[in-house]
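For reference, the structure is listed below as structure tokens.
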Amino acid sequence: MQITIVAIGNKMPAWVNANCDEYFRRMPKDFSLKLIELPAQKRSKNQSIDAIRRKETERLLAAVPDRNNIVALDERGQPISTRLLAKKLHGWQLDGQDICLLIGGPDGIDFSVFAEGKKAKSLGPEWRWSLSPLTFPHPLVRVIVAEQLYRAWSVSAGHPYHRE
């Protein structure tokens, strides 16, 4: 199973890259993680936040590998436990599905773009995932996602990393 993370922002602090790399390295070969970084949309006084969000979302969707189910990180998405995430990952693996997680820019994702995209199976992603009702700094989201994917795998594999 290939899990691809497509994220807006390509100039992350060294600690972000180091932590993500560590969790990527820990994942077994049958649960490989890959990161595709896209530069943030240049901002100008003449461009609205909606226009920026739309352009970033179009680029996110264009980077989704073929035949991947899309999971979008969204503050209004479904918050779930690590155990439930482990079940989702296990289900996708049993179905032979590759997953692409989308991390939008600081202003989020424009879900209206999904209806126009060729890669989407429906009017939106398969699932909208909310990490927490808390607000996190944008660079930290990647680290949290990488750690939670590793933790979910460890639950499925019976690995002692996760403790209840």
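Residue numbers start at 1 in each chain; chains themselves are named A, B, ... in the order of the structure tokens; ligands are numbered from 1 in the order shown.
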
Quiz item: Got a sec: who's within 9 Å of Arg53 in chain A, counting only C-alpha atoms, leaving out chain neighbours fewer than 5 positions off, as number ranges by chain?
Solution: A: 41, 48, 58, 104-110

Practice problem: Would you kindly return, as a ChimeraX atom specification, each protein, DNA or RNA residue with an atom no farther than 10 Å from any atom of Trp129 in chain A, considering only C-alpha atoms and excluding same-chain residues fewer than 2 positions away? | Solution: /A:71-80,85,101-102,125-127,131-132

Per-residue nearest contacts of range 75-114 of chain A to range 155-159 of chain A (10 Å; only C-alpha atoms) as CSV:
residue,atom,partner,partner_atom,distance
A:Thr82,CA,A:Val155,CA,8.0
A:Arg83,CA,A:Val155,CA,6.9
A:Leu84,CA,A:Val155,CA,9.9
A:Leu85,CA,A:Val155,CA,9.4
A:Ala86,CA,A:Ser156,CA,5.8
A:Lys87,CA,A:Ser156,CA,7.4
A:Leu89,CA,A:Ser156,CA,8.4
A:His90,CA,A:Ser156,CA,6.9

Exercise. Identify, with DSSP run on backbone atoms, the residues in range 98-150 of chain A assigned to helix (DSSP H, G or I), and express the list as number ranges by chain.
Key: A: 111-116, 138-150

Practice problem: List every residue of chain A that DSSP, applied to the backbone of this structure, assigns to strand (DSSP E), and report them as a ChimeraX atom specification. | Solution: /A:2-8,32-38,68-79,98-103,127-130

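Distance annotation: of A:Gln148, A:Asn68, A:Ser112, A:Ser130, the residue with the minimal separation from Asp98 in chain A is A:Asn68; atom set is only C-alpha atoms.
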
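Ranking A:Asp66, A:Leu35, A:His138, A:Arg128 by their shortest atom-to-atom distance to Tyr23 in chain A, with only C-alpha atoms included, puts A:Leu35 first.
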
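Note that the spacing between CA of Val145 in chain A and CA of Ser32 in chain A amounts to 13.8 Å.
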
Quiz item: Pick the closest to Asp95 in chain A from A:Phe31, A:Glu147, A:Met1, A:Tyr161: which is it, counting only C-alpha atoms?
Solution: A:Met1

Self-check item: Among listed residues A:Pro65, A:Pro28, A:Pro39, A:Gly96, nearest Thr4 in chain A (using only C-alpha atoms)
Solution: A:Pro65

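Nearest residue to Ala14 in chain A among A:Ala115, A:Ile49, A:Val143, A:Leu134 is A:Val143, counting only C-alpha atoms.
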